[in-house]
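Since the structure comes first, as structure tokens, the remarks are kept for the end.
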Amino acid sequence: MKTCIVRKGLPRIDAIPKVSGEAQYTIDLKMPGLLIGKILRSPYAHARIKSIDASAARALDGVLAVITAEDVPENLFAFYQWQADKHILCTDKVRYVGDEVAAVAAVDEDTAEEALELIKVEYEPLPVILDIDEAMKPGAPLIHEDKDSNSTWSVDRLFGDPDKALAECDYVVEGTYDTYQLAHTCLEVSNCVAKWDKSGKLTIWTNTQAPHTQRQEVARVLGIPRRNVRIISSYMGGGFGSKLVMDMKLPIASVLSRLTGRPVRIVNTRSEEFTTAKTRYPYRMHLKTGATKDGKIVVRDLILIADDGAYHDKGAATINFSSMMFGTLYNVPNIRFHGELVYTNKAMGTAFRGFGNPQVTFATESQLDELAEKMGIDPLELRRRNVNHPHETAACGAEVCGCAMSECMELAAKEIGWQEKRGKSARLRGVGLANMVHTGGGGRFYGFNSAEAMIKLSDEGTVTLITSALDMGQGAHTAMAQIAAEELGVRLEDVNVLSHDTELTPYDLGSWGSRATFMNGNAVLAAAEDARQSLVEAAAEMLEADAADILVEESKVWVKGSDEKHDLSEVVDHTVNEHGEPISGIGRFVDHLPEGYTIPTAFAKNIPCFSFGTQAVEVEIDPETGQVVVLKVVAAHETGTTINQTMSEGQLEGSVAQGIGFALMERLVHDDEGRIVNDRFLDYKIPNIGDVPEIKAYCVESVGTNGPFGAKGIGEPGLVPTAPAIANAIYDAIGVRLHELPMTREQLLTALKEKQASTVE
């Protein structure tokens, strides 16, 4: 393999338009006749709608349309159609503060806001349920009255004999761990523009991570043919999973556009982004872990209850993925997992970077340190004795390919100074670490997993790459361009990337689960191989040489042994304009499913490629205030082959910062009536530059995966182990174990007081 472009930390191909302000986001879109849409949202978390009077709003000058449930299709929607439970606009009930009740389209924002105030809705308040334990009690008020209970979905996984293993273990620890709702806090809020043309075609511009599947979702909920829907995604200011599943503003804007005959824009306010743009799923986890006296983990038993919010979204998929990662890390022979989704009167959850794995890893990796203490051995040593190995098949069926878990763990421990610092508690400082496993290539959850790409060479020497890989800020387009340039033998600056439009790009499942580099990258590599073959044959004809002797590098073409080099443009121009033979390539990558594969029975075989990693953390605690200062983080993560060193390190650094927020700061807080009270950045704390410590990011390469040039995805894994590593470091510093995220100053001070009181007794 050549290493001209791959493995280098080259600048991003979209750097200049982004830093110069030339990049156009959906919110920047302008067009003639554009109307402003606004959504009237419920002020109640749970109430019956008795009546809606929109007459005054319809009469307001400058208002072109007002819609309620009577004006939109009655189709129910959810990510899984068999779980569909959400109307476009509420019919008889509202189920969380922010639920969509009505909408308007007006000539400007002020008029639209005034129209919302004129809509009169009479509500009958109903009991509000915000806690999963309350929701699961017999006789609890039903959030969806067509259901038998608020417990709406469950799954069980069993491998080995956990009961027997627990009875025979030398050591068993158990505990309960809680996480709460978090906001994605993307810099760009959720927004869209919808426009119907005269032929009946609907075009939606929006910041989506999955244009093709959202096209299907829009068509389904509106009850129109897919062929009549086009989705265009522009530059995107962050996604983190929040922009995977369709938001109701898309069909609402579409209906308003159809009624008015004009394009309609709907943009979340920042408050709406916090309160209605969906959240990370809160988990309550009761976990048992058992080991033999020689340090072999032989059993794990987890009961996981997730807060689904008011409606279904990605809850079932998230819990399923959690169970796969739970069963794969450390290859434990006896696994029991029970997962359950419960309705509450909160905004629904959705996909969030890590997809349920950060919550579970917080529990499992925290408890592993507790087990090590009970056994009287070093937590690092306990992990060494249970490390995953390359090319093994776990007891749950997970097929590990390349695996650098040992290398990541040893590197992180060395760089944090584990041997010198662990257990020393100098100046109330401590170190901790945590391991993780995650997908490095998406998943087969749709029953298939494939990608396609096209490449065209132009006579002026440029290369146009058409890919469905969505760039939401992670650098996917640069990675795709590097893969194409490496295989074709051209300069990176000669590659132009086209994406984002469902009428241009091949069908694709979207950018999620760190799948872009693995799946789309493999398709791009195949397209580049195809195009290179055509290029070599064209050069051989032009230069009257054997195709085997043609060399292409740095956009120059020459015959082996010759000093005469030709620009790429010369060859393409000659072939296209003298012979009329275009040079192009098409590539497909199909992740072939195991024989006899079904989604439920295959379990962890749903993952085509696993990625491992370790994070080690040093913290310092102020015992007077409870403040936790993260001093240093070492993030050593497996990348297979690192496509772009700088971008990969940046992904890890960003993941760690987000993980610190998850661990210590972030939580959406509800009052007793279900209103989120911290719906501004002033009150919802995320890490700022002063909170981000020294981060040493290491991309640990490994062999054995079939990603492009051996690469694995890195976008999600870096968030997964941060919180438990911090929790373990806190315990090393002051001997206090926290089982709830975020680990706040108040929790820490309370735990310290309880520890001091028990010591006195």
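Chain labels follow the order of the structure tokens: the first chain is A, the next B, and so on; residue numbering restarts at 1 in every chain, and ligands are counted from 1 in their shown order.
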
Using only C-alpha atoms, which residues sit within 7 Å of stretch 131-142 of chain A once same-chain residues fewer than 5 positions away are excluded, as a list in words?
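What passes the distance filter is Ser149, Asn150, Ser151, Asp307, Val342 and Thr344 of chain A.
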
Please return as a PyMOL selection string: the residues of stretch 418-539 of chain A that backbone DSSP assigns to strand (DSSP E or B).
chain A and resi 429-439+450-457+463-467+495-498+501

Could you check which of A:Cys4, A:Ala316, A:Leu29, A:Ile67 is closest to A:Glu554, using only C-alpha atoms?
A:Cys4

Close residues, stretch 95-100 of chain A itself excluded, 8 Å, only C-alpha atoms, min 3 positions apart in chain, as an MDAnalysis selection string
chainID A and resid 39:47 88:90 103 143 272 275:276 310 345:347 674:675

Write the residues of the selection above to a file with C-alpha atoms, as a PDB file, in the first residue's frame.
ATOM      1  CA  ILE A  39     -44.972  25.355  16.189  1.00  0.00           C
ATOM      2  CA  LEU A  40     -47.364  25.787  19.109  1.00  0.00           C
ATOM      3  CA  ARG A  41     -46.087  23.444  21.801  1.00  0.00           C
ATOM      4  CA  SER A  42     -47.835  22.095  24.864  1.00  0.00           C
ATOM      5  CA  PRO A  43     -47.205  23.878  28.190  1.00  0.00           C
ATOM      6  CA  TYR A  44     -48.315  20.708  29.979  1.00  0.00           C
ATOM      7  CA  ALA A  45     -46.450  17.434  30.382  1.00  0.00           C
ATOM      8  CA  HIS A  46     -49.669  15.414  30.390  1.00  0.00           C
ATOM      9  CA  ALA A  47     -53.098  16.755  29.493  1.00  0.00           C
ATOM     10  CA  ILE A  88     -47.632  14.816  13.434  1.00  0.00           C
ATOM     11  CA  LEU A  89     -49.759  17.102  15.615  1.00  0.00           C
ATOM     12  CA  CYS A  90     -51.409  15.927  18.835  1.00  0.00           C
ATOM     13  CA  ALA A 103     -48.428  25.291  13.643  1.00  0.00           C
ATOM     14  CA  ILE A 143     -49.322   7.739  29.139  1.00  0.00           C
ATOM     15  CA  GLU A 272     -36.740  24.346  21.853  1.00  0.00           C
ATOM     16  CA  THR A 275     -36.599  20.807  25.377  1.00  0.00           C
ATOM     17  CA  THR A 276     -37.837  19.102  22.191  1.00  0.00           C
ATOM     18  CA  ALA A 310     -43.315  10.140  25.857  1.00  0.00           C
ATOM     19  CA  ASN A 345     -43.932  12.411  30.440  1.00  0.00           C
ATOM     20  CA  LYS A 346     -40.576  13.642  29.187  1.00  0.00           C
ATOM     21  CA  ALA A 347     -39.247  14.374  25.728  1.00  0.00           C
ATOM     22  CA  GLY A 674     -42.325  18.255  33.736  1.00  0.00           C
ATOM     23  CA  ARG A 675     -40.807  21.515  32.484  1.00  0.00           C
TER      24      ARG A 675
END

Could you pull out the residues in stretch 364-594 of chain A that DSSP calls helix (DSSP H, G or I) from the backbone, as a PyMOL selection string?
chain A and resi 364-375+379-384+405-416+418-421+426-428+476-488+492-494+516-543+547-549+568-579

Stretch 222-226 of chain A surroundings by only C-alpha atoms, 9 Å radius, close-in-sequence under 6 positions cut, as a list of chain:residue names:
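The filter keeps A:Val72, A:Pro73, A:Glu74, A:Asn75, A:Ile88, A:Arg215, A:Gln216, A:Pro251, A:Ser254, A:Val255.
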
With C-alpha atoms kept, could you save the residues just selected as an mmCIF file, in the first residue's frame?
data_model
loop_
_atom_site.group_PDB
_atom_site.id
_atom_site.type_symbol
_atom_site.label_atom_id
_atom_site.label_comp_id
_atom_site.auth_asym_id
_atom_site.auth_seq_id
_atom_site.Cartn_x
_atom_site.Cartn_y
_atom_site.Cartn_z
ATOM 1 C CA VAL A 72 -52.506 16.689 8.701
ATOM 2 C CA PRO A 73 -52.466 12.969 7.896
ATOM 3 C CA GLU A 74 -53.429 10.715 10.804
ATOM 4 C CA ASN A 75 -50.502 8.348 10.237
ATOM 5 C CA ILE A 88 -47.632 14.816 13.434
ATOM 6 C CA ARG A 215 -36.901 10.471 2.910
ATOM 7 C CA GLN A 216 -38.642 7.173 3.618
ATOM 8 C CA PRO A 251 -43.806 16.980 7.948
ATOM 9 C CA SER A 254 -44.263 20.209 4.396
ATOM 10 C CA VAL A 255 -47.982 20.488 5.139
#

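Residues in contact range of A:Thr705, defined as at most 10 Å between only C-alpha atoms, with sequence neighbours fewer than 2 positions away removed, read His391, Val400, Cys401, Gly402, Cys403, Gly440, Gly441, Phe518, Pro608, Cys609, Phe610, Ser611, Thr639, Gly640, Thr641, Ser702, Val703, Gly707, Pro708, Phe709, Gly710, Ala711 and Lys712 of chain A.
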
I want to know what sits within 10 Å of A:Leu244, based on only C-alpha atoms, with residues of the same chain fewer than 4 positions away left out; could you give that as a ChimeraX atom specification?
/A:79,207-211,213-214,239-240,314,350-352,509-512

Using all heavy atoms, can you write the selected residues to a file as a CSV table (one decimal), in the first residue's frame?
chain,number,residue,atom,x,y,z
A,79,PHE,N,-39.5,5.3,14.8
A,79,PHE,CA,-38.3,4.8,14.0
A,79,PHE,C,-38.7,3.4,13.5
A,79,PHE,O,-38.5,3.1,12.3
A,79,PHE,CB,-37.1,4.8,14.9
A,79,PHE,CG,-35.9,4.1,14.2
A,79,PHE,CD1,-35.3,4.6,13.1
A,79,PHE,CD2,-35.5,2.9,14.8
A,79,PHE,CE1,-34.2,3.9,12.5
A,79,PHE,CE2,-34.4,2.2,14.2
A,79,PHE,CZ,-33.8,2.7,13.0
A,207,ASN,N,-30.7,19.5,8.1
A,207,ASN,CA,-29.4,19.0,8.5
A,207,ASN,C,-29.6,17.6,9.1
A,207,ASN,O,-29.8,17.4,10.3
A,207,ASN,CB,-28.8,20.0,9.6
A,207,ASN,CG,-29.8,20.4,10.6
A,207,ASN,OD1,-31.0,20.0,10.6
A,207,ASN,ND2,-29.4,21.3,11.5
A,208,THR,N,-29.5,16.7,8.2
A,208,THR,CA,-29.8,15.3,8.6
A,208,THR,C,-28.6,14.4,8.4
A,208,THR,O,-27.8,14.6,7.5
A,208,THR,CB,-31.0,14.7,7.7
A,208,THR,OG1,-31.1,13.3,8.0
A,208,THR,CG2,-30.7,14.9,6.2
A,209,GLN,N,-28.5,13.4,9.3
A,209,GLN,CA,-27.4,12.4,9.2
A,209,GLN,C,-27.8,11.3,8.3
A,209,GLN,O,-26.9,10.5,7.9
A,209,GLN,CB,-27.1,11.9,10.6
A,209,GLN,CG,-26.5,12.9,11.5
A,209,GLN,CD,-26.3,12.3,12.9
A,209,GLN,OE1,-26.8,12.9,13.9
A,209,GLN,NE2,-25.6,11.2,13.1
A,210,ALA,N,-29.0,11.2,7.9
A,210,ALA,CA,-29.5,10.0,7.1
A,210,ALA,C,-30.5,10.5,6.1
A,210,ALA,O,-31.7,10.2,6.3
A,210,ALA,CB,-30.0,9.0,8.0
A,211,PRO,N,-30.1,11.1,5.0
A,211,PRO,CA,-31.1,11.7,4.0
A,211,PRO,C,-32.0,10.6,3.5
A,211,PRO,O,-33.2,10.8,3.3
A,211,PRO,CB,-30.2,12.3,3.0
A,211,PRO,CG,-28.9,12.6,3.6
A,211,PRO,CD,-28.8,11.5,4.6
A,213,THR,N,-33.0,7.5,4.6
A,213,THR,CA,-34.0,6.9,5.5
A,213,THR,C,-35.0,8.0,6.0
A,213,THR,O,-36.1,7.7,6.2
A,213,THR,CB,-33.3,6.3,6.7
A,213,THR,OG1,-32.4,7.2,7.3
A,213,THR,CG2,-32.5,5.1,6.2
A,214,GLN,N,-34.5,9.2,6.1
A,214,GLN,CA,-35.5,10.3,6.4
A,214,GLN,C,-36.5,10.6,5.3
A,214,GLN,O,-37.6,10.9,5.5
A,214,GLN,CB,-34.8,11.6,6.8
A,214,GLN,CG,-34.2,11.5,8.2
A,214,GLN,CD,-34.1,12.9,8.9
A,214,GLN,OE1,-34.5,13.9,8.4
A,214,GLN,NE2,-33.5,12.9,10.1
A,239,GLY,N,-24.1,16.6,14.9
A,239,GLY,CA,-25.2,15.7,14.9
A,239,GLY,C,-25.3,14.9,16.1
A,239,GLY,O,-26.3,14.9,16.8
A,240,PHE,N,-24.2,14.1,16.4
A,240,PHE,CA,-24.1,13.2,17.5
A,240,PHE,C,-25.3,12.3,17.7
A,240,PHE,O,-25.6,11.8,18.8
A,240,PHE,CB,-24.0,14.1,18.8
A,240,PHE,CG,-22.9,15.1,18.8
A,240,PHE,CD1,-23.2,16.5,18.9
A,240,PHE,CD2,-21.6,14.7,18.5
A,240,PHE,CE1,-22.2,17.4,18.8
A,240,PHE,CE2,-20.6,15.7,18.5
A,240,PHE,CZ,-20.9,17.0,18.6
A,314,LYS,N,-35.5,5.7,19.2
A,314,LYS,CA,-34.4,4.7,19.0
A,314,LYS,C,-34.2,3.8,20.2
A,314,LYS,O,-33.2,3.2,20.4
A,314,LYS,CB,-33.1,5.4,18.6
A,314,LYS,CG,-33.1,5.8,17.1
A,314,LYS,CD,-32.2,4.9,16.3
A,314,LYS,CE,-32.0,5.4,14.9
A,314,LYS,NZ,-31.1,4.5,14.1
A,350,THR,N,-33.3,9.6,21.9
A,350,THR,CA,-32.9,9.2,20.5
A,350,THR,C,-31.5,8.7,20.5
A,350,THR,O,-30.9,8.6,21.6
A,350,THR,CB,-33.2,10.3,19.5
A,350,THR,OG1,-33.1,9.8,18.2
A,350,THR,CG2,-32.2,11.4,19.7
A,351,ALA,N,-30.9,8.5,19.4
A,351,ALA,CA,-29.5,8.1,19.3
A,351,ALA,C,-28.7,9.3,19.8
A,351,ALA,O,-28.9,10.4,19.6
A,351,ALA,CB,-29.1,7.9,17.8
A,352,PHE,N,-27.6,8.9,20.5
A,352,PHE,CA,-26.6,9.8,21.0
A,352,PHE,C,-25.3,9.2,21.0
A,352,PHE,O,-25.2,8.0,21.4
A,352,PHE,CB,-27.0,10.3,22.5
A,352,PHE,CG,-26.4,11.6,22.9
A,352,PHE,CD1,-27.1,12.4,23.7
A,352,PHE,CD2,-25.1,11.9,22.6
A,352,PHE,CE1,-26.5,13.6,24.2
A,352,PHE,CE2,-24.5,13.1,23.1
A,352,PHE,CZ,-25.2,13.9,23.8
A,509,LEU,N,-27.7,4.0,4.4
A,509,LEU,CA,-28.4,4.1,5.7
A,509,LEU,C,-28.0,5.3,6.6
A,509,LEU,O,-28.6,5.5,7.6
A,509,LEU,CB,-28.1,2.8,6.5
A,509,LEU,CG,-28.6,1.5,5.8
A,509,LEU,CD1,-28.1,0.3,6.6
A,509,LEU,CD2,-30.1,1.5,5.8
A,510,GLY,N,-27.0,6.0,6.2
A,510,GLY,CA,-26.7,7.2,6.9
A,510,GLY,C,-25.4,7.1,7.7
A,510,GLY,O,-24.7,6.1,7.7
A,511,SER,N,-25.0,8.2,8.3
A,511,SER,CA,-23.7,8.3,9.0
A,511,SER,C,-24.1,8.2,10.5
A,511,SER,O,-24.6,9.1,11.1
A,511,SER,CB,-23.0,9.7,8.8
A,511,SER,OG,-22.5,9.7,7.5
A,512,TRP,N,-23.8,7.0,11.0
A,512,TRP,CA,-24.0,6.7,12.4
A,512,TRP,C,-23.2,5.5,12.8
A,512,TRP,O,-22.7,4.8,11.9
A,512,TRP,CB,-25.5,6.4,12.7
A,512,TRP,CG,-26.1,5.4,11.7
A,512,TRP,CD1,-26.8,5.7,10.6
A,512,TRP,CD2,-26.1,4.0,11.8
A,512,TRP,NE1,-27.2,4.6,9.9
A,512,TRP,CE2,-26.8,3.5,10.6
A,512,TRP,CE3,-25.5,3.1,12.6
A,512,TRP,CZ2,-26.9,2.1,10.3
A,512,TRP,CZ3,-25.6,1.7,12.4
A,512,TRP,CH2,-26.3,1.3,11.2

Among the residues A:Val490, A:Ile266, A:Met248, A:Val332, the one that comes closest to A:Asn191 [using only C-alpha atoms]
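Closest to A:Asn191 of all the choices is A:Ile266.
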
Excluding stretch 371-388 of chain A and residues on its chain fewer than 5 positions from it, collect all residues at most 10 Å away from it, counting only C-alpha atoms, and give them as a VMD selection string.
chain A and resid 170 to 174 288 to 298 328 to 332 365 to 366 393 to 394 400 403 to 406 409 to 410 413 418 to 419 422 to 423 432 to 435 437 612 728

Distance of atom CA of A:Phe274 from atom CA of A:Gly690, expressed in Å to one decimal place
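Pair atom CA of A:Gly690 / atom CA of A:Phe274 returns 23.1 Å.
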
Tell me, in Å to one decimal, how far atom CA of A:Val557 is from atom CA of A:Ala539.
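So the answer is 7.5 Å.
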
Just how far from atom CA of A:Arg230 is atom CA of A:Lys30, in Å to one decimal?
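Answer for the atom CA of A:Lys30 to atom CA of A:Arg230 separation: 17.8 Å.
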
Find, counting only C-alpha atoms, the residue in A:Pro506, A:Pro390, A:Gly626, A:Pro693 that gets nearest to A:Val736.
A:Gly626
